[in-house]
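Pasted below: start01.cif, mmCIF, C-alpha atoms, pLDDT in the B column; chains and numbers go by the auth columns.
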data_entry
loop_
_atom_site.group_PDB
_atom_site.id
_atom_site.type_symbol
_atom_site.label_atom_id
_atom_site.label_comp_id
_atom_site.label_asym_id
_atom_site.label_seq_id
_atom_site.Cartn_x
_atom_site.Cartn_y
_atom_site.Cartn_z
_atom_site.B_iso_or_equiv
_atom_site.auth_seq_id
_atom_site.auth_asym_id
ATOM 1 C CA MET A 1 99.415 1.323 137.499 45.00 1 A
ATOM 2 C CA LYS A 2 102.096 4.017 137.131 48.00 2 A
ATOM 3 C CA HIS A 3 101.464 4.276 133.359 52.00 3 A
ATOM 4 C CA ILE A 4 97.734 4.813 133.926 52.00 4 A
ATOM 5 C CA ASP A 5 98.400 7.496 136.540 62.00 5 A
ATOM 6 C CA SER A 6 100.865 9.367 134.308 70.00 6 A
ATOM 7 C CA ASN A 7 98.454 9.155 131.356 86.00 7 A
ATOM 8 C CA LEU A 8 95.605 10.451 133.517 87.00 8 A
ATOM 9 C CA THR A 9 97.799 13.307 134.727 89.00 9 A
ATOM 10 C CA GLU A 10 98.766 14.197 131.148 91.00 10 A
ATOM 11 C CA LEU A 11 95.138 14.118 129.978 92.00 11 A
ATOM 12 C CA THR A 12 94.057 16.244 132.926 93.00 12 A
ATOM 13 C CA GLU A 13 96.750 18.799 132.079 94.00 13 A
ATOM 14 C CA LEU A 14 95.685 18.891 128.398 93.00 14 A
ATOM 15 C CA ARG A 15 92.064 19.378 129.413 94.00 15 A
ATOM 16 C CA ASN A 16 92.961 22.111 131.896 96.00 16 A
ATOM 17 C CA GLU A 17 95.022 23.959 129.272 96.00 17 A
ATOM 18 C CA PHE A 18 92.151 23.758 126.799 96.00 18 A
ATOM 19 C CA VAL A 19 89.480 25.030 129.201 95.00 19 A
ATOM 20 C CA THR A 20 91.811 27.822 130.312 96.00 20 A
ATOM 21 C CA ASP A 21 92.487 28.890 126.724 96.00 21 A
ATOM 22 C CA PHE A 22 88.867 28.520 125.651 96.00 22 A
ATOM 23 C CA ASN A 23 86.866 29.773 128.597 96.00 23 A
ATOM 24 C CA ARG A 24 83.469 31.487 128.261 96.00 24 A
ATOM 25 C CA HIS A 25 84.979 34.954 127.799 96.00 25 A
ATOM 26 C CA SER A 26 87.533 33.886 125.191 97.00 26 A
ATOM 27 C CA ILE A 27 84.919 31.985 123.181 97.00 27 A
ATOM 28 C CA GLU A 28 82.657 35.029 123.208 96.00 28 A
ATOM 29 C CA LYS A 29 85.547 37.072 121.725 96.00 29 A
ATOM 30 C CA MET A 30 86.946 34.272 119.531 96.00 30 A
ATOM 31 C CA THR A 31 87.751 35.108 115.909 96.00 31 A
ATOM 32 C CA ILE A 32 87.169 32.762 113.022 96.00 32 A
ATOM 33 C CA GLU A 33 90.945 32.209 112.845 95.00 33 A
ATOM 34 C CA ASP A 34 90.932 31.160 116.512 96.00 34 A
ATOM 35 C CA TYR A 35 88.153 28.673 115.763 97.00 35 A
ATOM 36 C CA ALA A 36 88.422 27.197 112.276 96.00 36 A
ATOM 37 C CA MET A 37 90.554 24.277 111.219 93.00 37 A
ATOM 38 C CA GLY A 38 92.262 23.983 107.865 89.00 38 A
ATOM 39 C CA ASP A 39 94.737 26.835 107.660 84.00 39 A
ATOM 40 C CA GLY A 40 97.519 24.773 109.210 80.00 40 A
ATOM 41 C CA GLY A 41 97.373 26.363 112.661 86.00 41 A
ATOM 42 C CA LYS A 42 97.647 24.043 115.623 91.00 42 A
ATOM 43 C CA GLU A 43 96.372 26.389 118.316 93.00 43 A
ATOM 44 C CA ASN A 44 92.823 26.905 117.059 95.00 44 A
ATOM 45 C CA PHE A 45 89.759 25.498 118.803 97.00 45 A
ATOM 46 C CA CYS A 46 88.852 22.849 116.240 96.00 46 A
ATOM 47 C CA TYR A 47 92.380 21.507 115.786 94.00 47 A
ATOM 48 C CA ARG A 48 92.836 21.147 119.506 95.00 48 A
ATOM 49 C CA ILE A 49 89.451 19.448 119.968 94.00 49 A
ATOM 50 C CA GLU A 50 90.131 16.946 117.195 94.00 50 A
ATOM 51 C CA ARG A 51 93.856 16.321 117.547 92.00 51 A
ATOM 52 C CA GLN A 52 95.177 17.350 120.951 92.00 52 A
ATOM 53 C CA LEU A 53 92.223 16.065 122.978 93.00 53 A
ATOM 54 C CA LYS A 54 91.669 12.864 120.984 92.00 54 A
ATOM 55 C CA ASP A 55 92.420 10.627 123.974 91.00 55 A
ATOM 56 C CA LEU A 56 89.544 12.268 125.826 91.00 56 A
ATOM 57 C CA GLY A 57 87.121 11.532 122.987 90.00 57 A
ATOM 58 C CA ASN A 58 88.187 10.857 119.424 91.00 58 A
ATOM 59 C CA ILE A 59 86.210 12.663 116.716 89.00 59 A
ATOM 60 C CA ALA A 60 88.819 12.301 113.956 87.00 60 A
ATOM 61 C CA GLY A 61 87.913 10.540 110.770 83.00 61 A
ATOM 62 C CA SER A 62 84.736 12.358 109.856 82.00 62 A
ATOM 63 C CA GLN A 63 84.617 15.258 107.434 90.00 63 A
ATOM 64 C CA ILE A 64 85.792 18.745 108.425 91.00 64 A
ATOM 65 C CA GLN A 65 82.239 20.020 107.870 93.00 65 A
ATOM 66 C CA LYS A 66 81.398 18.680 111.342 95.00 66 A
ATOM 67 C CA PHE A 67 82.822 21.929 112.738 96.00 67 A
ATOM 68 C CA GLY A 68 80.397 24.110 110.769 97.00 68 A
ATOM 69 C CA VAL A 69 83.125 26.510 109.569 97.00 69 A
ATOM 70 C CA TRP A 70 86.555 25.635 108.206 96.00 70 A
ATOM 71 C CA PHE A 71 89.280 26.985 105.948 96.00 71 A
ATOM 72 C CA SER A 72 89.568 25.372 102.513 95.00 72 A
ATOM 73 C CA LYS A 73 93.178 25.412 101.324 93.00 73 A
ATOM 74 C CA GLU A 74 92.076 24.402 97.821 94.00 74 A
ATOM 75 C CA GLU A 75 89.765 27.394 97.508 95.00 75 A
ATOM 76 C CA ASN A 76 91.798 29.657 99.832 95.00 76 A
ATOM 77 C CA GLN A 77 88.692 30.744 101.703 96.00 77 A
ATOM 78 C CA TYR A 78 86.492 29.901 104.642 97.00 78 A
ATOM 79 C CA LYS A 79 83.620 27.535 103.979 97.00 79 A
ATOM 80 C CA TYR A 80 80.560 26.751 106.082 97.00 80 A
ATOM 81 C CA THR A 81 77.810 24.232 106.648 96.00 81 A
ATOM 82 C CA GLN A 82 74.482 25.807 105.688 96.00 82 A
ATOM 83 C CA LYS A 83 72.647 24.472 108.733 96.00 83 A
ATOM 84 C CA TRP A 84 74.531 27.142 110.733 98.00 84 A
ATOM 85 C CA GLY A 85 73.588 30.083 108.495 97.00 85 A
ATOM 86 C CA ASN A 86 73.590 31.633 105.047 98.00 86 A
ATOM 87 C CA SER A 87 77.150 32.943 105.068 98.00 87 A
ATOM 88 C CA VAL A 88 80.481 32.195 106.691 98.00 88 A
ATOM 89 C CA ASP A 89 80.069 35.123 109.078 98.00 89 A
ATOM 90 C CA GLU A 90 76.539 34.146 110.092 98.00 90 A
ATOM 91 C CA ALA A 91 77.515 30.488 110.543 98.00 91 A
ATOM 92 C CA PHE A 92 80.492 31.378 112.708 98.00 92 A
ATOM 93 C CA LYS A 93 78.423 33.804 114.785 98.00 93 A
ATOM 94 C CA ASN A 94 75.828 31.059 115.386 98.00 94 A
ATOM 95 C CA ILE A 95 78.478 28.479 116.285 98.00 95 A
ATOM 96 C CA ARG A 96 80.143 30.858 118.715 98.00 96 A
ATOM 97 C CA LYS A 97 76.758 31.653 120.295 98.00 97 A
ATOM 98 C CA SER A 98 75.984 27.940 120.633 97.00 98 A
ATOM 99 C CA LEU A 99 79.323 27.343 122.365 97.00 99 A
ATOM 100 C CA CYS A 100 78.555 30.189 124.778 97.00 100 A
ATOM 101 C CA ASP A 101 75.092 28.729 125.364 97.00 101 A
ATOM 102 C CA LEU A 102 76.756 25.427 126.328 95.00 102 A
ATOM 103 C CA PHE A 103 78.851 27.250 128.905 93.00 103 A
ATOM 104 C CA ASP A 104 75.789 29.013 130.269 95.00 104 A
ATOM 105 C CA ALA A 105 73.854 25.748 130.508 95.00 105 A
ATOM 106 C CA GLY A 106 76.703 24.049 132.387 86.00 106 A
#
Kindly present the structure from the file in structure tokens form.
Amino acid sequence: MKHIDSNLTELTELRNEFVTDFNRHSIEKMTIEDYAMGDGGKENFCYRIERQLKDLGNIAGSQIQKFGVWFSKEENQYKYTQKWGNSVDEAFKNIRKSLCDLFDAG
């Protein structure tokens, strides 16, 4: 029982850190660097969702395109999924707006 309690406490702390770092205001002001995975940073939104919060819901294993915008090391540029827009900037703007809409709906 002690292991379960300590794991629950750790997961609660990770979740609390994430929602503090990525609150409604910070998401509204978030830059593409703060969001996109692929440049090696471990503090961005997508990295933390996929890697740090995996015990709260594992989304690892599928392609990086699931995030809509990412940094391609091979091409040394940001890439995007066209369903979010017609350019990297438009896609990121739409993703950020959708995240804010989720906050507003909650």
Legend entry - Nearby residues, (79.2, 28.9, 122.7) file frame, 12 Å, only C-alpha atoms, as a PyMOL selection string: chain A and resi 22-30+35+45+92-106
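The set of residues that the PyMOL selection byres ((chain A and resi 12-17) around 12) takes from this file is A:Asp5, A:Ser6, A:Asn7, A:Leu8, A:Thr9, A:Glu10, A:Leu11, A:Phe18, A:Val19, A:Thr20, A:Asp21, A:Phe22, A:Asn23, A:Glu43, A:Phe45, A:Arg48, A:Ile49, A:Arg51, A:Gln52, A:Leu53, A:Lys54, A:Asp55, A:Leu56, A:Gly57.
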Written file, previous selection with C-alpha atoms, as an mmCIF file, keeping the file's coordinate frame:
data_model
loop_
_atom_site.group_PDB
_atom_site.id
_atom_site.type_symbol
_atom_site.label_atom_id
_atom_site.label_comp_id
_atom_site.auth_asym_id
_atom_site.auth_seq_id
_atom_site.Cartn_x
_atom_site.Cartn_y
_atom_site.Cartn_z
ATOM 1 C CA ASP A 5 98.400 7.496 136.540
ATOM 2 C CA SER A 6 100.865 9.367 134.308
ATOM 3 C CA ASN A 7 98.454 9.155 131.356
ATOM 4 C CA LEU A 8 95.605 10.451 133.517
ATOM 5 C CA THR A 9 97.799 13.307 134.727
ATOM 6 C CA GLU A 10 98.766 14.197 131.148
ATOM 7 C CA LEU A 11 95.138 14.118 129.978
ATOM 8 C CA PHE A 18 92.151 23.758 126.799
ATOM 9 C CA VAL A 19 89.480 25.030 129.201
ATOM 10 C CA THR A 20 91.811 27.822 130.312
ATOM 11 C CA ASP A 21 92.487 28.890 126.724
ATOM 12 C CA PHE A 22 88.867 28.520 125.651
ATOM 13 C CA ASN A 23 86.866 29.773 128.597
ATOM 14 C CA GLU A 43 96.372 26.389 118.316
ATOM 15 C CA PHE A 45 89.759 25.498 118.803
ATOM 16 C CA ARG A 48 92.836 21.147 119.506
ATOM 17 C CA ILE A 49 89.451 19.448 119.968
ATOM 18 C CA ARG A 51 93.856 16.321 117.547
ATOM 19 C CA GLN A 52 95.177 17.350 120.951
ATOM 20 C CA LEU A 53 92.223 16.065 122.978
ATOM 21 C CA LYS A 54 91.669 12.864 120.984
ATOM 22 C CA ASP A 55 92.420 10.627 123.974
ATOM 23 C CA LEU A 56 89.544 12.268 125.826
ATOM 24 C CA GLY A 57 87.121 11.532 122.987
#
Inset, instruction - Using all atoms listed in the file, pick whichever of A:Lys42, A:Asp34, A:Phe67, A:Ser62 has the shortest atom-to-atom distance to Lys83 (chain A). - result: A:Phe67
Report as a tab-separated table (two decimals) with C-alpha atoms, in the frame of the given file all protein, DNA and RNA residues lying within 8 Å of region 70-81 of chain A, evaluated on all atoms listed in the file, omitting residues in the same chain fewer than 3 positions from it.
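The resulting file, around_28.tsv, is reproduced below:
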chain	number	residue	atom	x	y	z
A	36	ALA	CA	88.42	27.20	112.28
A	37	MET	CA	90.55	24.28	111.22
A	38	GLY	CA	92.26	23.98	107.86
A	39	ASP	CA	94.74	26.84	107.66
A	64	ILE	CA	85.79	18.74	108.42
A	65	GLN	CA	82.24	20.02	107.87
A	67	PHE	CA	82.82	21.93	112.74
A	84	TRP	CA	74.53	27.14	110.73
A	85	GLY	CA	73.59	30.08	108.50
A	87	SER	CA	77.15	32.94	105.07
A	88	VAL	CA	80.48	32.20	106.69
A	91	ALA	CA	77.52	30.49	110.54
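Interatomic distance, CA of Val69 (chain A) against CA of Ile32 (chain A): 8.2 Å.
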Using all atoms of region 41-60 of chain A that appear in the file, construct an axis-aligned enclosing box with 5 Å of padding on every side and provide its centre coordinates and edge lengths in Å, rounded to one decimal, as lines of an AutoDock Vina configuration file.
center_x = 91.9
center_y = 18.8
center_z = 119.2
size_x = 21.4
size_y = 26.3
size_z = 23.2
Dump chain A with C-alpha atoms to a file, as a CSV table (one decimal), in the first residue's frame.
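Dumped everything to part-v8.csv:
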chain,number,residue,atom,x,y,z
A,1,MET,CA,0.0,0.0,0.0
A,2,LYS,CA,2.9,2.4,0.7
A,3,HIS,CA,4.3,2.0,-2.8
A,4,ILE,CA,0.9,2.9,-4.3
A,5,ASP,CA,0.6,6.0,-2.1
A,6,SER,CA,4.1,7.2,-2.9
A,7,ASN,CA,3.4,6.7,-6.6
A,8,LEU,CA,0.1,8.5,-6.4
A,9,THR,CA,1.8,11.4,-4.6
A,10,GLU,CA,4.6,11.5,-7.2
A,11,LEU,CA,2.0,11.5,-10.1
A,12,THR,CA,0.0,14.2,-8.4
A,13,GLU,CA,3.1,16.4,-8.0
A,14,LEU,CA,4.0,15.9,-11.7
A,15,ARG,CA,0.5,16.8,-12.7
A,16,ASN,CA,0.5,19.9,-10.5
A,17,GLU,CA,3.8,21.1,-11.9
A,18,PHE,CA,2.6,20.6,-15.4
A,19,VAL,CA,-0.7,22.5,-14.9
A,20,THR,CA,1.2,25.3,-13.1
A,21,ASP,CA,3.7,25.6,-15.9
A,22,PHE,CA,1.0,25.4,-18.6
A,23,ASN,CA,-1.9,27.3,-17.3
A,24,ARG,CA,-4.4,29.1,-19.5
A,25,HIS,CA,-2.3,32.3,-19.6
A,26,SER,CA,1.0,30.6,-20.3
A,27,ILE,CA,-0.6,28.6,-23.2
A,28,GLU,CA,-2.0,31.8,-24.7
A,29,LYS,CA,1.5,33.3,-24.7
A,30,MET,CA,3.3,30.0,-25.5
A,31,THR,CA,5.9,30.2,-28.3
A,32,ILE,CA,6.5,27.4,-30.7
A,33,GLU,CA,9.7,26.5,-28.9
A,34,ASP,CA,7.7,26.2,-25.7
A,35,TYR,CA,5.4,23.8,-27.4
A,36,ALA,CA,7.1,21.7,-30.1
A,37,MET,CA,9.0,18.5,-29.6
A,38,GLY,CA,12.0,17.5,-31.5
A,39,ASP,CA,14.7,20.1,-30.7
A,40,GLY,CA,16.0,18.1,-27.8
A,41,GLY,CA,14.4,20.3,-25.1
A,42,LYS,CA,12.8,18.5,-22.1
A,43,GLU,CA,10.8,21.4,-20.8
A,44,ASN,CA,8.4,21.9,-23.7
A,45,PHE,CA,4.7,21.1,-23.7
A,46,CYS,CA,4.8,18.1,-26.0
A,47,TYR,CA,7.8,16.5,-24.4
A,48,ARG,CA,6.3,16.7,-21.0
A,49,ILE,CA,3.0,15.4,-22.1
A,50,GLU,CA,4.5,12.4,-23.8
A,51,ARG,CA,7.4,11.6,-21.6
A,52,GLN,CA,7.0,13.1,-18.1
A,53,LEU,CA,3.3,12.4,-17.7
A,54,LYS,CA,3.3,9.0,-19.4
A,55,ASP,CA,2.1,7.2,-16.2
A,56,LEU,CA,-1.0,9.4,-16.3
A,57,GLY,CA,-1.8,8.3,-19.8
A,58,ASN,CA,0.8,7.0,-22.2
A,59,ILE,CA,0.7,8.4,-25.8
A,60,ALA,CA,4.3,7.4,-26.7
A,61,GLY,CA,4.8,5.1,-29.7
A,62,SER,CA,2.8,7.0,-32.3
A,63,GLN,CA,4.4,9.4,-34.8
A,64,ILE,CA,5.4,12.9,-33.7
A,65,GLN,CA,2.9,14.3,-36.2
A,66,LYS,CA,0.2,13.7,-33.5
A,67,PHE,CA,1.2,17.0,-32.0
A,68,GLY,CA,0.5,19.0,-35.1
A,69,VAL,CA,3.8,20.9,-35.0
A,70,TRP,CA,7.3,19.6,-34.3
A,71,PHE,CA,10.9,20.3,-35.0
A,72,SER,CA,12.6,18.1,-37.6
A,73,LYS,CA,16.3,17.6,-36.8
A,74,GLU,CA,16.9,16.1,-40.2
A,75,GLU,CA,15.6,19.2,-42.0
A,76,ASN,CA,16.5,21.6,-39.2
A,77,GLN,CA,13.1,23.3,-39.4
A,78,TYR,CA,9.6,23.1,-37.9
A,79,LYS,CA,7.1,20.9,-39.7
A,80,TYR,CA,3.3,20.7,-39.3
A,81,THR,CA,0.3,18.6,-40.0
A,82,GLN,CA,-1.8,20.2,-42.7
A,83,LYS,CA,-5.1,19.6,-40.9
A,84,TRP,CA,-4.0,22.4,-38.5
A,85,GLY,CA,-3.3,25.0,-41.3
A,86,ASN,CA,-1.3,25.9,-44.4
A,87,SER,CA,1.9,26.9,-42.7
A,88,VAL,CA,3.8,26.2,-39.5
A,89,ASP,CA,2.7,29.5,-38.0
A,90,GLU,CA,-0.9,29.0,-38.8
A,91,ALA,CA,-0.9,25.4,-37.5
A,92,PHE,CA,0.7,26.5,-34.3
A,93,LYS,CA,-1.7,29.4,-33.9
A,94,ASN,CA,-4.6,27.0,-34.4
A,95,ILE,CA,-3.2,24.4,-31.9
A,96,ARG,CA,-2.6,27.1,-29.3
A,97,LYS,CA,-6.2,28.4,-29.8
A,98,SER,CA,-7.6,24.8,-29.4
A,99,LEU,CA,-5.7,24.3,-26.2
A,100,CYS,CA,-7.1,27.6,-24.9
A,101,ASP,CA,-10.6,26.5,-26.0
A,102,LEU,CA,-10.1,23.3,-23.9
A,103,PHE,CA,-9.3,25.4,-20.9
A,104,ASP,CA,-12.3,27.6,-21.5
A,105,ALA,CA,-14.6,24.6,-21.9
A,106,GLY,CA,-13.4,23.1,-18.6
